[in-house]
Every structure is written in C-alpha cells, then in structure tokens.
file my_file.txt (compact mmCIF, C-alpha atoms)
# COMPACT_ATOMS: atom_id res chain seq x y z
CA MET A 93 121.99 90.86 89.24
CA ALA A 94 119.64 93.18 87.32
CA PHE A 95 118.31 96.36 88.87
CA ARG A 96 114.98 94.66 89.49
CA GLY A 97 117.04 92.82 92.11
CA TRP A 98 118.23 96.22 93.31
CA ARG A 99 114.64 97.32 93.77
CA ARG A 100 113.82 94.19 95.74
CA LEU A 101 116.92 94.81 97.84
CA LEU A 102 115.92 98.41 98.55
CA LEU A 103 112.42 97.35 99.47
CA GLY A 104 113.91 94.73 101.76
CA ARG A 105 116.19 97.28 103.37
CA GLN A 106 113.40 99.74 104.12
CA ASN A 107 113.30 98.45 107.69
CA THR A 108 116.90 99.61 108.09
CA LEU A 109 116.03 102.97 106.56
CA ALA A 110 113.02 103.25 108.83
CA ARG A 111 115.22 102.68 111.89
CA ALA A 112 117.48 105.51 110.67
CA TRP A 113 114.49 107.84 110.33
CA ARG A 114 113.25 106.85 113.77
CA SER A 115 116.63 107.64 115.32
CA ARG A 116 118.30 111.03 115.48
CA ARG A 117 121.49 109.77 113.88
CA GLY A 118 120.36 109.67 110.27
CA ALA A 119 121.20 107.15 107.60
CA PRO A 120 123.33 104.11 108.51
CA SER A 121 126.62 103.13 106.89
CA LEU A 122 127.00 106.17 104.68
CA ARG A 123 130.50 106.33 103.26
CA TRP A 124 130.53 110.10 103.06
CA LYS A 125 130.84 112.89 105.56
CA ARG A 126 127.35 113.91 106.70
CA CYS A 127 126.52 117.58 106.49
CA ARG A 128 123.68 119.05 108.49
CA HIS A 129 122.55 121.84 106.21
CA TRP A 130 123.40 122.82 102.66
CA SER A 131 123.03 126.43 101.69
CA ALA A 132 122.30 127.37 98.11
CA GLY A 133 125.93 128.39 97.54
CA ARG A 134 127.55 125.17 98.72
CA THR A 135 129.61 123.44 96.03
CA LEU A 136 129.42 119.75 95.21
CA ASP A 137 132.34 117.45 95.82
CA PRO A 138 133.91 116.88 92.36
CA GLU A 139 134.48 113.16 92.95
CA VAL A 140 130.89 112.48 93.98
CA ARG A 141 129.53 114.67 91.20
CA ALA A 142 131.55 112.73 88.63
CA PHE A 143 130.37 109.40 90.04
CA LEU A 144 126.71 110.39 90.00
CA GLU A 145 126.91 111.86 86.51
CA GLU A 146 128.61 108.72 85.22
CA ASN A 147 126.28 106.22 86.91
CA THR A 148 122.84 107.78 86.50
CA GLU A 149 120.83 108.77 83.45
CA VAL A 150 119.05 112.05 82.86
CA THR A 151 115.43 111.17 82.14
CA SER A 152 112.02 112.79 81.98
CA SER A 153 110.03 109.80 80.74
CA GLY A 154 108.23 106.91 82.40
CA HIS A 155 106.79 108.98 85.23
CA LEU A 156 104.02 111.48 85.92
CA THR A 157 106.07 114.67 85.54
CA PRO A 158 107.77 114.81 82.12
CA GLU A 159 108.49 118.52 82.66
CA ILE A 160 110.97 117.61 85.42
CA ARG A 161 114.33 116.12 84.41
CA LEU A 162 115.99 113.85 86.96
CA ARG A 163 119.12 111.78 87.38
CA LEU A 164 117.92 108.24 88.11
CA LEU A 165 119.10 104.67 87.81
CA THR A 166 117.70 103.25 84.57
CA PRO A 167 118.27 100.13 82.42
CA ARG A 168 121.03 101.98 80.56
CA CYS A 169 123.06 102.57 83.72
CA ARG A 170 125.96 100.29 84.64
CA PHE A 171 124.63 99.65 88.13
CA TRP A 172 121.36 98.38 86.72
CA ARG A 173 123.31 95.20 85.99
CA GLU A 174 125.91 95.26 88.76
CA LYS A 175 125.61 93.65 92.15
CA PRO A 176 124.13 96.13 94.65
CA ASP A 177 127.07 95.69 97.03
CA LEU A 178 129.34 97.37 94.47
CA TRP A 179 127.53 100.69 94.90
CA PRO A 180 130.05 102.64 97.02
CA TYR A 181 127.64 104.78 99.07
CA GLY A 182 124.48 104.22 101.10
CA ASP A 183 121.53 102.48 99.46
CA PRO A 184 120.34 104.80 96.65
CA PHE A 185 116.67 105.18 97.56
CA TRP A 186 116.94 108.67 96.04
CA ALA A 187 117.71 107.19 92.59
CA ILE A 188 114.15 105.89 92.21
CA TYR A 189 111.24 108.22 91.55
CA TRP A 190 108.72 106.56 93.86
CA PRO A 191 104.98 106.69 93.05
CA GLY A 192 103.90 108.79 96.03
CA GLY A 193 106.42 111.48 95.16
CA GLN A 194 105.29 111.39 91.55
CA ALA A 195 101.69 112.06 92.55
CA LEU A 196 102.63 114.95 94.85
CA SER A 197 104.81 116.54 92.19
CA ARG A 198 102.11 116.19 89.52
CA TYR A 199 99.50 117.70 91.80
CA ILE A 200 101.67 120.70 92.66
CA LEU A 201 102.53 121.35 89.01
CA ASP A 202 98.87 121.17 88.03
CA ASN A 203 97.73 123.27 91.00
CA PRO A 204 100.40 125.91 91.64
CA ARG A 205 98.07 127.82 93.98
CA VAL A 206 98.76 125.08 96.56
CA VAL A 207 102.33 126.36 97.02
CA LYS A 208 102.47 129.80 95.42
CA GLY A 209 103.82 132.36 97.88
CA ARG A 210 104.00 129.73 100.64
CA SER A 211 106.80 128.05 102.56
CA VAL A 212 107.16 124.33 101.80
CA LEU A 213 109.04 121.56 103.61
CA ASP A 214 109.62 118.41 101.54
CA LEU A 215 110.23 115.60 104.04
CA GLY A 216 112.19 112.57 102.81
CA SER A 217 112.83 114.40 99.56
CA GLY A 218 114.92 111.71 97.82
CA CYS A 219 115.58 112.86 94.25
CA GLY A 220 114.06 116.25 95.09
CA ALA A 221 111.30 116.15 92.47
CA THR A 222 108.54 117.44 94.75
CA ALA A 223 110.73 120.27 96.04
CA ILE A 224 111.57 121.11 92.43
CA ALA A 225 107.86 121.12 91.55
CA ALA A 226 107.23 123.51 94.44
CA VAL A 227 109.93 125.91 93.23
CA MET A 228 108.60 125.73 89.66
CA SER A 229 105.12 126.53 90.96
CA GLY A 230 106.10 129.67 92.83
CA ALA A 231 106.72 128.63 96.45
CA SER A 232 108.30 131.50 98.38
CA GLN A 233 110.57 129.20 100.40
CA VAL A 234 111.46 125.53 99.95
CA LEU A 235 113.50 123.27 102.20
CA ALA A 236 114.26 119.71 101.10
CA ASN A 237 115.04 117.19 103.80
CA ASP A 238 116.63 113.75 103.69
CA ILE A 239 118.95 111.69 105.87
CA ASP A 240 121.28 110.64 103.01
CA PRO A 241 123.92 113.22 102.04
CA ILE A 242 124.25 111.62 98.59
CA ALA A 243 120.56 112.35 98.05
CA GLY A 244 121.37 115.98 98.82
CA MET A 245 124.05 115.99 96.14
CA ALA A 246 121.68 114.37 93.65
CA MET A 247 119.08 117.06 94.40
CA ARG A 248 121.64 119.74 93.57
CA LEU A 249 122.35 118.07 90.21
CA ASN A 250 118.62 117.82 89.54
CA CYS A 251 118.19 121.53 90.24
CA GLU A 252 120.87 122.23 87.64
CA LEU A 253 119.11 120.01 85.11
CA ASN A 254 115.92 122.04 85.54
CA HIS A 255 117.69 125.42 85.41
CA LEU A 256 116.79 126.24 89.00
CA ASP A 257 118.85 127.89 91.69
CA PRO A 258 119.47 125.21 94.31
CA PHE A 259 117.21 125.33 97.34
CA PRO A 260 118.48 124.69 100.88
CA ILE A 261 118.76 121.02 101.87
CA ALA A 262 118.75 119.74 105.46
CA ILE A 263 120.55 116.41 105.79
CA LYS A 264 119.33 115.19 109.14
CA ASN A 265 116.40 113.47 110.78
CA ILE A 266 113.95 116.20 111.75
CA ILE A 267 111.13 113.89 112.82
CA ASN A 268 110.35 114.39 116.52
CA SER A 269 112.13 117.74 116.51
CA ASP A 270 110.81 121.25 115.99
CA ALA A 271 111.13 121.82 112.25
CA GLY A 272 109.91 125.40 112.55
CA LYS A 273 106.90 127.04 110.97
CA TRP A 274 105.97 125.87 107.47
CA ASP A 275 102.81 126.63 105.54
CA LEU A 276 102.92 123.21 103.90
CA ILE A 277 104.67 119.90 104.58
CA VAL A 278 104.74 117.34 101.77
CA LEU A 279 105.89 113.74 102.12
CA GLY A 280 105.70 110.83 99.74
CA ASP A 281 106.27 107.09 100.19
CA MET A 282 107.23 107.45 103.87
CA PHE A 283 104.69 105.03 105.37
CA TYR A 284 106.53 101.75 104.76
CA ASP A 285 107.13 100.82 108.40
CA GLU A 286 104.64 100.75 111.27
CA GLN A 287 106.86 102.36 113.90
CA LEU A 288 108.01 105.06 111.50
CA ALA A 289 104.38 105.69 110.59
CA ASP A 290 103.52 106.06 114.29
CA GLY A 291 106.31 108.61 114.72
CA LEU A 292 105.27 110.52 111.62
CA HIS A 293 101.67 110.58 112.80
CA ARG A 294 102.62 112.13 116.15
CA TRP A 295 105.07 114.61 114.62
CA LEU A 296 102.69 115.79 111.90
CA ARG A 297 99.92 116.33 114.46
CA LYS A 298 102.31 118.44 116.53
CA CYS A 299 103.27 120.53 113.47
CA ILE A 300 99.60 121.15 112.75
CA ARG A 301 98.77 121.99 116.37
CA MET A 302 101.74 124.34 116.86
CA HIS A 303 101.89 126.04 113.45
CA GLN A 304 98.59 125.26 111.66
CA THR A 305 100.66 123.58 108.96
CA GLU A 306 98.91 121.99 106.01
CA VAL A 307 100.06 118.43 105.22
CA LEU A 308 99.88 116.56 101.92
CA ILE A 309 100.85 112.90 101.68
CA GLY A 310 101.54 110.88 98.53
CA ASP A 311 101.20 107.10 98.58
CA PRO A 312 100.30 104.42 96.02
CA GLY A 313 98.27 102.36 98.50
CA ARG A 314 100.88 100.33 100.34
CA TYR A 315 99.49 98.04 103.04
CA GLN A 316 101.45 99.76 105.82
CA PHE A 317 99.80 103.04 104.91
CA LEU A 318 96.26 101.83 104.30
CA SER A 319 96.22 99.81 107.52
CA HIS A 320 97.58 102.59 109.76
CA SER A 321 95.27 104.63 111.97
CA ILE A 322 96.33 107.83 110.21
CA HIS A 323 94.30 106.67 107.21
CA ASN A 324 91.09 107.47 109.10
CA GLN A 325 92.11 111.14 109.22
CA LEU A 326 92.95 111.57 105.56
CA HIS A 327 90.91 113.15 102.81
CA LYS A 328 91.54 112.04 99.26
CA VAL A 329 92.60 114.96 97.06
CA ILE A 330 93.31 113.27 93.73
CA GLU A 331 94.30 109.91 92.26
CA TYR A 332 96.63 109.49 89.30
CA SER A 333 97.00 106.48 87.03
CA LEU A 334 100.66 105.49 86.96
CA PRO A 335 102.59 105.18 83.68
CA GLU A 336 103.27 101.64 82.53
CA TYR A 337 106.99 101.85 83.33
CA THR A 338 106.28 102.92 86.91
CA ARG A 339 103.70 100.14 87.27
CA GLN A 340 106.19 97.50 86.14
CA GLU A 341 108.84 98.75 88.54
CA ASN A 342 106.45 98.85 91.52
CA HIS A 343 105.02 95.34 91.53
CA GLY A 344 101.97 96.25 89.48
CA LEU A 345 100.73 99.20 91.53
CA THR A 346 98.42 101.02 89.16
CA SER A 347 97.75 104.40 90.77
CA SER A 348 99.03 106.87 93.34
CA ILE A 349 96.99 109.18 95.53
CA VAL A 350 97.52 112.58 97.12
CA TRP A 351 95.92 112.82 100.56
CA SER A 352 95.27 115.80 102.81
CA TYR A 353 95.96 115.00 106.46
CA GLN A 354 93.28 116.57 108.64
CA PRO A 355 93.40 115.18 112.19
CA SER A 356 90.43 115.77 114.45
CA SER A 357 90.47 118.39 117.20
CA ASN A 358 90.53 115.66 119.85
CA SER A 359 93.53 114.07 118.13
CA LEU A 360 95.42 117.37 118.11
CA GLU A 361 94.70 118.01 121.78
CA SER A 362 96.16 114.63 122.73
CA CYS A 363 99.51 115.13 121.02
call {"tool": "encode", "arguments": {"input": "my_file.txt", "output": "structure tokens"}}
result
Amino acid sequence: MAFRGWRRLLLGRQNTLARAWRSRRGAPSLRWKRCRHWSAGRTLDPEVRAFLEENTEVTSSGHLTPEIRLRLLTPRCRFWREKPDLWPYGDPFWAIYWPGGQALSRYILDNPRVVKGRSVLDLGSGCGATAIAAVMSGASQVLANDIDPIAGMAMRLNCELNHLDPFPIAIKNIINSDAGKWDLIVLGDMFYDEQLADGLHRWLRKCIRMHQTEVLIGDPGRYQFLSHSIHNQLHKVIEYSLPEYTRQENHGLTSSIVWSYQPSSNSLESC
C-alpha cells in the first residue's frame, strides 16, 4: 500500500485522534511510555531516535517554509510503501507537514514582530515547524504541545536539524485545562472534528478572557472548520497558495489561510 493510502488512513483515523484530544488521557494505543513534560535537557531514547532517523527523510522542499528542515515521511521512505499496520508506534500524524501549520509557520517567519519577545504556545504541534518558526523569529518563550510522545521526539530531532536548542514540549492534552498565561496561542489543522472544534472554541475563549491571549489559527478551508460557528468570529490575516506537492497530497486543496480569532465581548462573557 503506497503512502497515499497512509494519508487516507490517517484522515480516516482523525475521529480517533479527536476523541483522544477531547479526553484527558492523550493519544490512544501508543506503544511508548508517555511523558508529561520534556525539558530542554532531556535526552532522546536511542532506539526511537534510530528508528525515526532510518524511516524519515530530511526535507525542506515541497512546502511553504524551505528555510525549515524537517524529518517527514516522503516517497523515498520505506514506510511510504509498507502497510500502515507495520508502523510500530501510534499513527504518525506528526510526519506530515499539514497545510494549516505551513501557513502559520510562513506567516511567523515573514512577520517576526508577531512573536518577537512574546511567549508562544503551539497547540497540536506535530512536527514542530510552527514552534521552530517562532524560535527562529525571536519568541522569548515557546512551548510545543502534542498528545503523541513520538511527535515530541520528532520535534527534538527537527530542532537539531535547524541548529536550535530544543524548546520544552508538553506531551498531554491541555484542552479544557488551565494552560497558563501565553501572549500567543497558535494552532493549525485542529478543526477536523465537530466535537473537538466545540471544545477548542470554548477553551480558546477562556484563554482570551482570562489572559488576553492572542490566537492565530491555520486551516486550508476544511468543511468542518468553515461550517463551525467559530468561523463567524475569525478575521482573515493572510492566504497562501500551496506548493504543488502539498496540493497533490491534500486532495487538491490549493491554499491555506491564517486567521485571527477575535470572539465578541458577549461570547467571552458567556464562557
């Protein structure tokens, strides 16, 4: 089965991933010990490092941020051709550079003032590209968050590739909890499930009400996002045309947009 089948499988399994995000338990069926928080000095497990280095490719082409090098699954990787069930860890959503994350990363790199000297939380960080873009652009503090510990390990490898000191990584579901005070929360490609979108909407409003946090959302125009009520409280910041490779791998989606989430005063009072 080619990796295009992998992509279909991952898209089909997004409901399972959404349930994990909605719960407090984190990702399901991970065959690795879950850690709650990685400090910058934490070392990578040698076995997992070797597996990821052997079964991903370092690439900076085919996406919107050629200045960021990432370990991803590409046509030259063995698991592009293997059956998905042979992958020994949880579904590798982190191994794809999704369009919403690409747009956020491009916007931050082009507009470093958005993050410079500010604290940034990257929710659902995946490969860590947007967190990396924030560090490159001068953010004073960056925390990457995901529910998959293998994603956390991949982020550490991607920091090394870009000659950056690793940033802290929280491997847990922080939605519906107090994530603390952040100047900016960024999230890409998270609105793929209606119930998850509802939970995100409530949580983001609470972050804004409690801490006056700014929120930027990246999305290529998926139906679940465009049809959700949150869309009425978004302001379009910028739209990027996607590279041909990204278009082909995302069912012909042609662009990705960065949105600023600005809920009304009445909406904030009701949360």
call {"tool": "atom_distance", "arguments": {"input": "my_file.txt", "atom1": "atom CA of A:Val234", "atom2": "atom CA of A:Arg248"}}
result
13.3 Å
call {"tool": "atom_distance", "arguments": {"input": "my_file.txt", "atom1": "atom CA of A:Ala221", "atom2": "atom CA of A:Pro158"}}
result
11.0 Å
call {"tool": "residues_around", "arguments": {"input": "my_file.txt", "residues": "A:Ile266", "least_positions_apart": "2", "cutoff": "9 Å", "atoms": "all atoms listed in the file", "output": "PyMOL selection string"}}
result
chain A and resi 113+116+215+237-239+262-264+268-271
call {"tool": "residues_around", "arguments": {"input": "my_file.txt", "residues": "A:Ile242", "least_positions_apart": "2", "cutoff": "8 Å", "atoms": "all atoms listed in the file", "output": "list in words"}}
result
Trp124, Tyr181, Gly182, Asp240, Gly244, Met245 and Ala246 of chain A
call {"tool": "atom_distance", "arguments": {"input": "my_file.txt", "atom1": "atom CA of A:Ile267", "atom2": "atom CA of A:His303"}}
result
15.3 Å
call {"tool": "residues_near_point", "arguments": {"input": "my_file.txt", "point": "(108.6, 100.3, 83.8)", "cutoff": "12 Å", "atoms": "all atoms listed in the file", "output": "list in words"}}
result
Phe95, Arg96, Ser153, Gly154, His155, Thr166, Pro167, Ile188, Tyr189, Trp190, Pro191, Leu334, Pro335, Glu336, Tyr337, Thr338, Arg339, Gln340, Glu341, Asn342, His343, Gly344, Leu345 and Thr346 of chain A
call {"tool": "closest_residue", "arguments": {"input": "my_file.txt", "among": "A:Asp137, A:Asp311, A:Asp202, A:Asp281", "to": "A:Trp186", "atoms": "all atoms listed in the file"}}
result
A:Asp281
call {"tool": "residues_around", "arguments": {"input": "my_file.txt", "residues": "stretch 275-277 of chain A", "least_positions_apart": "5", "cutoff": "10 Å", "atoms": "all atoms listed in the file", "output": "PyMOL selection string"}}
result
chain A and resi 206-207+209-215+231+233-235+296+299-300+303-309
call {"tool": "closest_residue", "arguments": {"input": "my_file.txt", "among": "A:His320, A:Arg297, A:Arg163, A:Lys328", "to": "A:Val150", "atoms": "all atoms listed in the file"}}
result
A:Arg163
call {"tool": "residues_around", "arguments": {"input": "my_file.txt", "residues": "stretch 159-162 of chain A", "least_positions_apart": "6", "cutoff": "10 Å", "atoms": "only C-alpha atoms", "output": "JSON, numbers by chain"}}
result
{"A": [148, 149, 150, 151, 152, 153, 187, 188, 189, 197, 198, 201, 219, 220, 221, 222, 224, 225, 228, 246, 247, 249, 250, 251, 252, 253, 254, 255]}
call {"tool": "closest_residue", "arguments": {"input": "my_file.txt", "among": "A:Trp351, A:Phe171, A:Phe317, A:Phe259", "to": "A:Met282", "atoms": "only C-alpha atoms"}}
result
A:Phe317
call {"tool": "decode", "arguments": {"input": "my_file.txt", "residues": "stretch 272-295 of chain A", "atoms": "N, CA, C and O atoms", "output": "short mmCIF file (atom, residue, chain, number, x, y, z; two decimals), in the first residue's frame"}}
result
data_model
loop_
_atom_site.label_atom_id
_atom_site.label_comp_id
_atom_site.auth_asym_id
_atom_site.auth_seq_id
_atom_site.Cartn_x
_atom_site.Cartn_y
_atom_site.Cartn_z
N GLY A 272 -2.10 28.21 31.51
CA GLY A 272 -1.27 29.32 31.96
C GLY A 272 -1.38 30.51 31.03
O GLY A 272 -2.12 30.51 30.06
N LYS A 273 -0.59 31.51 31.33
CA LYS A 273 -0.66 32.76 30.57
C LYS A 273 0.31 32.71 29.40
O LYS A 273 1.51 32.52 29.58
N TRP A 274 -0.21 32.90 28.20
CA TRP A 274 0.59 32.96 26.98
C TRP A 274 0.18 34.20 26.19
O TRP A 274 -1.01 34.51 26.09
N ASP A 275 1.18 34.87 25.63
CA ASP A 275 0.86 36.02 24.79
C ASP A 275 0.16 35.59 23.50
O ASP A 275 -0.72 36.29 23.00
N LEU A 276 0.55 34.43 22.99
CA LEU A 276 0.03 33.97 21.70
C LEU A 276 -0.13 32.46 21.72
O LEU A 276 0.77 31.72 22.15
N ILE A 277 -1.29 32.00 21.27
CA ILE A 277 -1.52 30.57 21.02
C ILE A 277 -1.69 30.38 19.52
O ILE A 277 -2.46 31.10 18.89
N VAL A 278 -0.96 29.43 18.96
CA VAL A 278 -1.09 29.10 17.54
C VAL A 278 -1.53 27.65 17.42
O VAL A 278 -1.08 26.79 18.17
N LEU A 279 -2.42 27.39 16.48
CA LEU A 279 -2.87 26.02 16.23
C LEU A 279 -3.23 25.86 14.76
O LEU A 279 -3.88 26.73 14.18
N GLY A 280 -2.76 24.80 14.18
CA GLY A 280 -3.04 24.53 12.77
C GLY A 280 -3.68 23.18 12.56
O GLY A 280 -3.32 22.20 13.24
N ASP A 281 -4.65 23.11 11.67
CA ASP A 281 -5.25 21.84 11.24
C ASP A 281 -5.91 21.08 12.39
O ASP A 281 -5.95 19.85 12.38
N MET A 282 -6.45 21.77 13.36
CA MET A 282 -7.06 21.12 14.52
C MET A 282 -8.58 21.00 14.40
O MET A 282 -9.21 20.29 15.19
N PHE A 283 -9.18 21.66 13.42
CA PHE A 283 -10.65 21.66 13.32
C PHE A 283 -11.12 20.62 12.31
O PHE A 283 -11.67 20.95 11.27
N TYR A 284 -10.88 19.35 12.65
CA TYR A 284 -11.28 18.26 11.74
C TYR A 284 -12.40 17.41 12.32
O TYR A 284 -12.77 16.40 11.74
N ASP A 285 -12.94 17.82 13.46
CA ASP A 285 -13.99 17.07 14.14
C ASP A 285 -14.87 18.07 14.87
O ASP A 285 -14.37 18.98 15.55
N GLU A 286 -16.18 17.91 14.75
CA GLU A 286 -17.10 18.92 15.28
C GLU A 286 -17.01 19.05 16.80
O GLU A 286 -16.96 20.16 17.34
N GLN A 287 -16.97 17.91 17.51
CA GLN A 287 -16.92 17.99 18.96
C GLN A 287 -15.60 18.57 19.45
O GLN A 287 -15.56 19.36 20.40
N LEU A 288 -14.50 18.18 18.78
CA LEU A 288 -13.21 18.77 19.13
C LEU A 288 -13.23 20.27 18.86
O LEU A 288 -12.72 21.06 19.67
N ALA A 289 -13.82 20.66 17.76
CA ALA A 289 -13.91 22.09 17.44
C ALA A 289 -14.71 22.84 18.50
O ALA A 289 -14.34 23.96 18.90
N ASP A 290 -15.80 22.23 18.99
CA ASP A 290 -16.58 22.85 20.06
C ASP A 290 -15.72 23.06 21.30
O ASP A 290 -15.75 24.14 21.93
N GLY A 291 -14.96 22.02 21.67
CA GLY A 291 -14.11 22.12 22.85
C GLY A 291 -13.02 23.16 22.68
O GLY A 291 -12.72 23.92 23.61
N LEU A 292 -12.42 23.21 21.50
CA LEU A 292 -11.40 24.21 21.23
C LEU A 292 -11.97 25.62 21.32
O LEU A 292 -11.35 26.52 21.89
N HIS A 293 -13.17 25.78 20.77
CA HIS A 293 -13.82 27.09 20.78
C HIS A 293 -14.00 27.58 22.21
O HIS A 293 -13.64 28.72 22.56
N ARG A 294 -14.52 26.73 23.08
CA ARG A 294 -14.74 27.11 24.48
C ARG A 294 -13.41 27.42 25.18
O ARG A 294 -13.28 28.40 25.92
N TRP A 295 -12.43 26.54 24.96
CA TRP A 295 -11.14 26.69 25.65
C TRP A 295 -10.40 27.94 25.20
O TRP A 295 -9.85 28.68 26.02
#
